[in-house]
file model_29.cif (mmCIF, C-alpha atoms, pLDDT in the B column; chains and numbers go by the auth columns)
data_coords
loop_
_atom_site.group_PDB
_atom_site.id
_atom_site.type_symbol
_atom_site.label_atom_id
_atom_site.label_comp_id
_atom_site.label_asym_id
_atom_site.label_seq_id
_atom_site.Cartn_x
_atom_site.Cartn_y
_atom_site.Cartn_z
_atom_site.B_iso_or_equiv
_atom_site.auth_seq_id
_atom_site.auth_asym_id
ATOM 1 C CA MET A 1 250.570 241.342 156.536 58.00 10 Z
ATOM 2 C CA ASP A 2 249.026 244.782 156.407 68.00 11 Z
ATOM 3 C CA LYS A 3 250.798 248.002 155.497 68.00 12 Z
ATOM 4 C CA ILE A 4 251.054 249.345 159.084 70.00 13 Z
ATOM 5 C CA ALA A 5 252.721 246.167 160.367 75.00 14 Z
ATOM 6 C CA THR A 6 255.250 246.351 157.530 80.00 15 Z
ATOM 7 C CA VAL A 7 256.112 249.949 158.421 79.00 16 Z
ATOM 8 C CA GLU A 8 256.431 249.038 162.122 84.00 17 Z
ATOM 9 C CA ILE A 9 258.796 246.183 161.290 84.00 18 Z
ATOM 10 C CA ALA A 10 260.876 248.419 159.013 83.00 19 Z
ATOM 11 C CA VAL A 11 261.135 251.128 161.675 85.00 20 Z
ATOM 12 C CA GLY A 12 262.017 248.556 164.339 86.00 21 Z
ATOM 13 C CA LEU A 13 264.747 247.027 162.180 85.00 22 Z
ATOM 14 C CA SER A 14 266.145 250.466 161.342 87.00 23 Z
ATOM 15 C CA LEU A 15 266.301 251.441 165.009 85.00 24 Z
ATOM 16 C CA GLY A 16 267.876 248.113 165.912 87.00 25 Z
ATOM 17 C CA LEU A 17 270.552 248.471 163.235 85.00 26 Z
ATOM 18 C CA ALA A 18 271.242 252.049 164.308 84.00 27 Z
ATOM 19 C CA ALA A 19 271.671 250.892 167.922 82.00 28 Z
ATOM 20 C CA ILE A 20 274.056 248.112 166.875 84.00 29 Z
ATOM 21 C CA TRP A 21 276.065 250.553 164.765 80.00 30 Z
ATOM 22 C CA PHE A 22 276.217 253.065 167.656 77.00 31 Z
ATOM 23 C CA VAL A 23 277.394 250.455 170.184 78.00 32 Z
ATOM 24 C CA HIS A 24 279.961 249.085 167.721 73.00 33 Z
ATOM 25 C CA ASN A 25 281.410 252.572 167.149 73.00 34 Z
ATOM 26 C CA MET A 26 281.514 253.296 170.876 70.00 35 Z
ATOM 27 C CA LEU A 27 283.358 250.028 171.567 75.00 36 Z
ATOM 28 C CA ALA A 28 285.793 250.690 168.721 78.00 37 Z
ATOM 29 C CA ASN A 29 286.663 254.165 170.012 78.00 38 Z
ATOM 30 C CA PRO A 30 286.705 254.384 173.837 79.00 39 Z
ATOM 31 C CA ALA A 31 287.655 258.081 173.825 82.00 40 Z
ATOM 32 C CA GLN A 32 284.611 258.886 171.738 78.00 41 Z
ATOM 33 C CA ALA A 33 282.453 256.742 174.020 76.00 42 Z
ATOM 34 C CA GLN A 34 283.763 258.649 177.028 81.00 43 Z
ATOM 35 C CA ALA A 35 283.039 261.989 175.344 82.00 44 Z
ATOM 36 C CA VAL A 36 279.480 260.884 174.535 78.00 45 Z
ATOM 37 C CA GLY A 37 278.993 259.722 178.127 81.00 46 Z
ATOM 38 C CA GLN A 38 280.328 262.980 179.529 84.00 47 Z
ATOM 39 C CA ALA A 39 278.073 264.996 177.236 83.00 48 Z
ATOM 40 C CA ALA A 40 275.065 262.948 178.300 82.00 49 Z
ATOM 41 C CA GLY A 41 275.974 263.356 181.954 84.00 50 Z
ATOM 42 C CA GLN A 42 276.458 267.096 181.571 84.00 51 Z
ATOM 43 C CA ALA A 43 273.106 267.355 179.790 83.00 52 Z
ATOM 44 C CA VAL A 44 271.421 265.807 182.833 81.00 53 Z
ATOM 45 C CA VAL A 45 273.204 268.244 185.159 80.00 54 Z
ATOM 46 C CA ASN A 46 272.308 271.215 182.950 79.00 55 Z
ATOM 47 C CA ALA A 47 268.674 270.109 182.830 81.00 56 Z
ATOM 48 C CA GLY A 48 268.629 269.996 186.626 80.00 57 Z
ATOM 49 C CA VAL A 49 270.236 273.422 186.913 76.00 58 Z
ATOM 50 C CA GLY A 50 267.788 274.833 184.372 81.00 59 Z
ATOM 51 C CA THR A 51 264.873 273.411 186.322 83.00 60 Z
ATOM 52 C CA VAL A 52 266.083 274.933 189.578 76.00 61 Z
ATOM 53 C CA GLU A 53 266.723 278.311 187.913 77.00 62 Z
ATOM 54 C CA GLY A 54 263.289 278.225 186.292 83.00 63 Z
ATOM 55 C CA ILE A 55 261.586 277.538 189.608 84.00 64 Z
ATOM 56 C CA GLY A 56 263.629 280.295 191.233 78.00 65 Z
ATOM 57 C CA GLN A 57 262.668 282.799 188.551 79.00 66 Z
ATOM 58 C CA ALA A 58 259.015 281.832 188.876 85.00 67 Z
ATOM 59 C CA MET A 59 259.264 282.515 192.607 84.00 68 Z
ATOM 60 C CA GLY A 60 261.012 285.856 192.042 82.00 69 Z
ATOM 61 C CA VAL A 61 264.540 284.771 192.973 76.00 70 Z
ATOM 62 C CA PRO A 62 267.012 286.819 190.895 76.00 71 Z
ATOM 63 C CA THR A 63 269.555 285.048 188.707 81.00 72 Z
ATOM 64 C CA THR A 64 273.164 285.128 189.850 85.00 73 Z
ATOM 65 C CA ASP A 65 276.109 286.924 188.257 90.00 74 Z
ATOM 66 C CA THR A 66 279.395 285.470 189.486 91.00 75 Z
ATOM 67 C CA SER A 67 281.646 288.216 188.110 94.00 76 Z
ATOM 68 C CA LYS A 68 279.472 290.919 189.675 95.00 77 Z
ATOM 69 C CA GLY A 69 279.401 288.961 192.931 94.00 78 Z
ATOM 70 C CA GLN A 70 283.198 288.699 192.982 95.00 79 Z
ATOM 71 C CA GLN A 71 283.400 292.444 192.392 96.00 80 Z
ATOM 72 C CA ASP A 72 280.940 292.993 195.268 96.00 81 Z
ATOM 73 C CA LEU A 73 283.175 290.927 197.559 94.00 82 Z
ATOM 74 C CA ALA A 74 286.261 292.860 196.488 94.00 83 Z
ATOM 75 C CA ASN A 75 284.425 296.094 197.335 96.00 84 Z
ATOM 76 C CA GLY A 76 283.348 294.677 200.699 93.00 85 Z
ATOM 77 C CA ASP A 77 279.660 294.771 199.746 95.00 86 Z
ATOM 78 C CA TRP A 78 278.592 291.462 201.280 94.00 87 Z
ATOM 79 C CA TRP A 79 274.883 292.300 201.036 94.00 88 Z
ATOM 80 C CA ALA A 80 275.024 292.732 197.249 94.00 89 Z
ATOM 81 C CA ALA A 81 277.305 289.692 196.932 94.00 90 Z
ATOM 82 C CA SER A 82 274.712 287.567 198.725 91.00 91 Z
ATOM 83 C CA PHE A 83 272.305 288.261 195.848 88.00 92 Z
ATOM 84 C CA ASP A 84 274.826 288.120 192.994 91.00 93 Z
ATOM 85 C CA LEU A 85 276.737 284.936 193.895 91.00 94 Z
ATOM 86 C CA PRO A 86 275.387 281.394 193.826 88.00 95 Z
ATOM 87 C CA ALA A 87 274.733 280.249 197.400 87.00 96 Z
ATOM 88 C CA GLY A 88 277.673 277.823 197.496 89.00 97 Z
ATOM 89 C CA GLN A 89 280.168 280.444 196.372 92.00 98 Z
ATOM 90 C CA PHE A 90 278.805 283.063 198.750 92.00 99 Z
ATOM 91 C CA LEU A 91 278.912 280.678 201.713 93.00 100 Z
ATOM 92 C CA GLY A 92 282.445 279.605 200.742 93.00 101 Z
ATOM 93 C CA ALA A 93 283.589 283.225 200.601 93.00 102 Z
ATOM 94 C CA ALA A 94 281.923 283.946 203.955 93.00 103 Z
ATOM 95 C CA TRP A 95 283.612 280.904 205.505 92.00 104 Z
ATOM 96 C CA ASP A 96 286.985 281.938 204.088 92.00 105 Z
ATOM 97 C CA LYS A 97 286.527 285.433 205.538 90.00 106 Z
ATOM 98 C CA LEU A 98 285.427 284.020 208.898 90.00 107 Z
ATOM 99 C CA THR A 99 288.398 281.666 209.125 91.00 108 Z
ATOM 100 C CA GLY A 100 290.899 284.233 207.881 88.00 109 Z
ATOM 101 C CA LYS A 101 291.740 282.525 204.590 85.00 110 Z
ATOM 102 C CA THR A 102 291.111 285.753 202.681 72.00 111 Z
ATOM 103 C CA PRO A 103 292.084 289.322 203.611 58.00 112 Z
#
call {"tool": "encode", "arguments": {"input": "model_29.cif", "output": "structure tokens"}}
result
Amino acid sequence: MDKIATVEIAVGLSLGLAAIWFVHNMLANPAQAQAVGQAAGQAVVNAGVGTVEGIGQAMGVPTTDTSKGQQDLANGDWWAASFDLPAGQFLGAAWDKLTGKTP
């Protein structure tokens, strides 16, 4: 057996043991397993959001500022709010205003 094959076997065994240890710990502590799963899920969401924001910035779309957008709405400046709020929040505020849910 050559030296490279020995290293590959050692690395494979180490990774296998680490995976077994990880699964064992996750099964022994369901709360920790849930926290790890939530963190992994949130990482995927954040990666998606980062991708969308990066594409938007490359295309010249300004980043949003929720607190400034809320202040714009309070001042009645819907035009500025349309740029400062994320689209979902702006549309929700517009719908609430249209249906009379907000003053």
call {"tool": "resolve_selection", "arguments": {"input": "model_29.cif", "expression": "the PyMOL selection byres ((chain Z and resi 102-112) around 10)", "output": "list in words"}}
result
Gln79, Leu82, Ala83, Trp87, Ala90, Ser91, Leu94, Ala96, Gly97, Gln98, Phe99, Leu100 and Gly101 of chain Z
call {"tool": "atom_distance", "arguments": {"input": "model_29.cif", "atom1": "CA of Pro71 in chain Z", "atom2": "CA of Asp93 in chain Z"}}
result
8.2 Å
call {"tool": "closest_residue", "arguments": {"input": "model_29.cif", "among": "Z:Phe31, Z:Gly63, Z:Phe92, Z:Glu17", "to": "Lys77 in chain Z", "atoms": "all atoms listed in the file"}}
result
Z:Phe92
call {"tool": "decode", "arguments": {"input": "model_29.cif", "residues": "range 48-77 of chain Z", "atoms": "N, CA and C atoms", "output": "mmCIF file, in the first residue's frame"}}
result
data_model
loop_
_atom_site.group_PDB
_atom_site.id
_atom_site.type_symbol
_atom_site.label_atom_id
_atom_site.label_comp_id
_atom_site.auth_asym_id
_atom_site.auth_seq_id
_atom_site.Cartn_x
_atom_site.Cartn_y
_atom_site.Cartn_z
ATOM 1 N N ALA Z 48 -30.184 26.614 12.624
ATOM 2 C CA ALA Z 48 -29.056 27.428 12.160
ATOM 3 C C ALA Z 48 -28.733 27.117 10.702
ATOM 4 N N ALA Z 49 -28.766 25.843 10.360
ATOM 5 C CA ALA Z 49 -28.492 25.461 8.969
ATOM 6 C C ALA Z 49 -29.570 26.010 8.045
ATOM 7 N N GLY Z 50 -30.819 25.917 8.465
ATOM 8 C CA GLY Z 50 -31.908 26.445 7.660
ATOM 9 C C GLY Z 50 -31.812 27.949 7.492
ATOM 10 N N GLN Z 51 -31.482 28.646 8.565
ATOM 11 C CA GLN Z 51 -31.340 30.099 8.491
ATOM 12 C C GLN Z 51 -30.160 30.492 7.612
ATOM 13 N N ALA Z 52 -29.099 29.691 7.627
ATOM 14 C CA ALA Z 52 -27.950 29.972 6.770
ATOM 15 C C ALA Z 52 -28.351 29.909 5.302
ATOM 16 N N VAL Z 53 -29.197 28.952 4.954
ATOM 17 C CA VAL Z 53 -29.669 28.842 3.567
ATOM 18 C C VAL Z 53 -30.499 30.070 3.201
ATOM 19 N N VAL Z 54 -31.383 30.476 4.103
ATOM 20 C CA VAL Z 54 -32.219 31.661 3.848
ATOM 21 C C VAL Z 54 -31.338 32.893 3.696
ATOM 22 N N ASN Z 55 -30.379 33.065 4.603
ATOM 23 C CA ASN Z 55 -29.497 34.233 4.542
ATOM 24 C C ASN Z 55 -28.666 34.246 3.262
ATOM 25 N N ALA Z 56 -28.242 33.071 2.819
ATOM 26 C CA ALA Z 56 -27.484 32.998 1.565
ATOM 27 C C ALA Z 56 -28.358 33.443 0.402
ATOM 28 N N GLY Z 57 -29.620 33.036 0.416
ATOM 29 C CA GLY Z 57 -30.544 33.456 -0.638
ATOM 30 C C GLY Z 57 -30.777 34.953 -0.614
ATOM 31 N N VAL Z 58 -30.989 35.492 0.574
ATOM 32 C CA VAL Z 58 -31.204 36.939 0.716
ATOM 33 C C VAL Z 58 -29.960 37.692 0.256
ATOM 34 N N GLY Z 59 -28.800 37.218 0.648
ATOM 35 C CA GLY Z 59 -27.550 37.867 0.235
ATOM 36 C C GLY Z 59 -27.375 37.851 -1.273
ATOM 37 N N THR Z 60 -27.763 36.749 -1.895
ATOM 38 C CA THR Z 60 -27.666 36.655 -3.348
ATOM 39 C C THR Z 60 -28.580 37.672 -4.013
ATOM 40 N N VAL Z 61 -29.806 37.742 -3.547
ATOM 41 C CA VAL Z 61 -30.772 38.690 -4.120
ATOM 42 C C VAL Z 61 -30.294 40.127 -3.911
ATOM 43 N N GLU Z 62 -29.803 40.445 -2.711
ATOM 44 C CA GLU Z 62 -29.309 41.800 -2.451
ATOM 45 C C GLU Z 62 -28.102 42.121 -3.321
ATOM 46 N N GLY Z 63 -27.220 41.145 -3.502
ATOM 47 C CA GLY Z 63 -26.050 41.353 -4.351
ATOM 48 C C GLY Z 63 -26.424 41.626 -5.797
ATOM 49 N N ILE Z 64 -27.387 40.885 -6.302
ATOM 50 C CA ILE Z 64 -27.858 41.114 -7.674
ATOM 51 C C ILE Z 64 -28.499 42.491 -7.769
ATOM 52 N N GLY Z 65 -29.305 42.833 -6.771
ATOM 53 C CA GLY Z 65 -29.943 44.152 -6.763
ATOM 54 C C GLY Z 65 -28.929 45.282 -6.753
ATOM 55 N N GLN Z 66 -27.896 45.153 -5.939
ATOM 56 C CA GLN Z 66 -26.869 46.190 -5.880
ATOM 57 C C GLN Z 66 -26.127 46.296 -7.203
ATOM 58 N N ALA Z 67 -25.865 45.148 -7.823
ATOM 59 C CA ALA Z 67 -25.185 45.158 -9.118
ATOM 60 C C ALA Z 67 -26.029 45.858 -10.180
ATOM 61 N N MET Z 68 -27.345 45.774 -10.031
ATOM 62 C CA MET Z 68 -28.246 46.402 -10.996
ATOM 63 C C MET Z 68 -28.590 47.840 -10.606
ATOM 64 N N GLY Z 69 -28.069 48.304 -9.470
ATOM 65 C CA GLY Z 69 -28.310 49.678 -9.047
ATOM 66 C C GLY Z 69 -29.522 49.858 -8.159
ATOM 67 N N VAL Z 70 -30.092 48.764 -7.653
ATOM 68 C CA VAL Z 70 -31.231 48.868 -6.745
ATOM 69 C C VAL Z 70 -30.700 49.203 -5.354
ATOM 70 N N PRO Z 71 -31.190 50.287 -4.737
ATOM 71 C CA PRO Z 71 -30.670 50.664 -3.417
ATOM 72 C C PRO Z 71 -31.081 49.665 -2.340
ATOM 73 N N THR Z 72 -30.249 49.544 -1.307
ATOM 74 C CA THR Z 72 -30.604 48.672 -0.188
ATOM 75 C C THR Z 72 -31.710 49.342 0.630
ATOM 76 N N THR Z 73 -32.454 48.521 1.356
ATOM 77 C CA THR Z 73 -33.577 49.047 2.127
ATOM 78 C C THR Z 73 -33.146 49.403 3.540
ATOM 79 N N ASP Z 74 -33.930 50.263 4.168
ATOM 80 C CA ASP Z 74 -33.714 50.683 5.553
ATOM 81 C C ASP Z 74 -35.088 50.753 6.217
ATOM 82 N N THR Z 75 -35.444 49.672 6.915
ATOM 83 C CA THR Z 75 -36.791 49.544 7.466
ATOM 84 C C THR Z 75 -37.144 50.677 8.416
ATOM 85 N N SER Z 76 -36.232 51.062 9.296
ATOM 86 C CA SER Z 76 -36.571 52.128 10.254
ATOM 87 C C SER Z 76 -36.802 53.454 9.530
ATOM 88 N N LYS Z 77 -36.000 53.731 8.511
ATOM 89 C CA LYS Z 77 -36.209 54.959 7.737
ATOM 90 C C LYS Z 77 -37.525 54.870 6.965
#
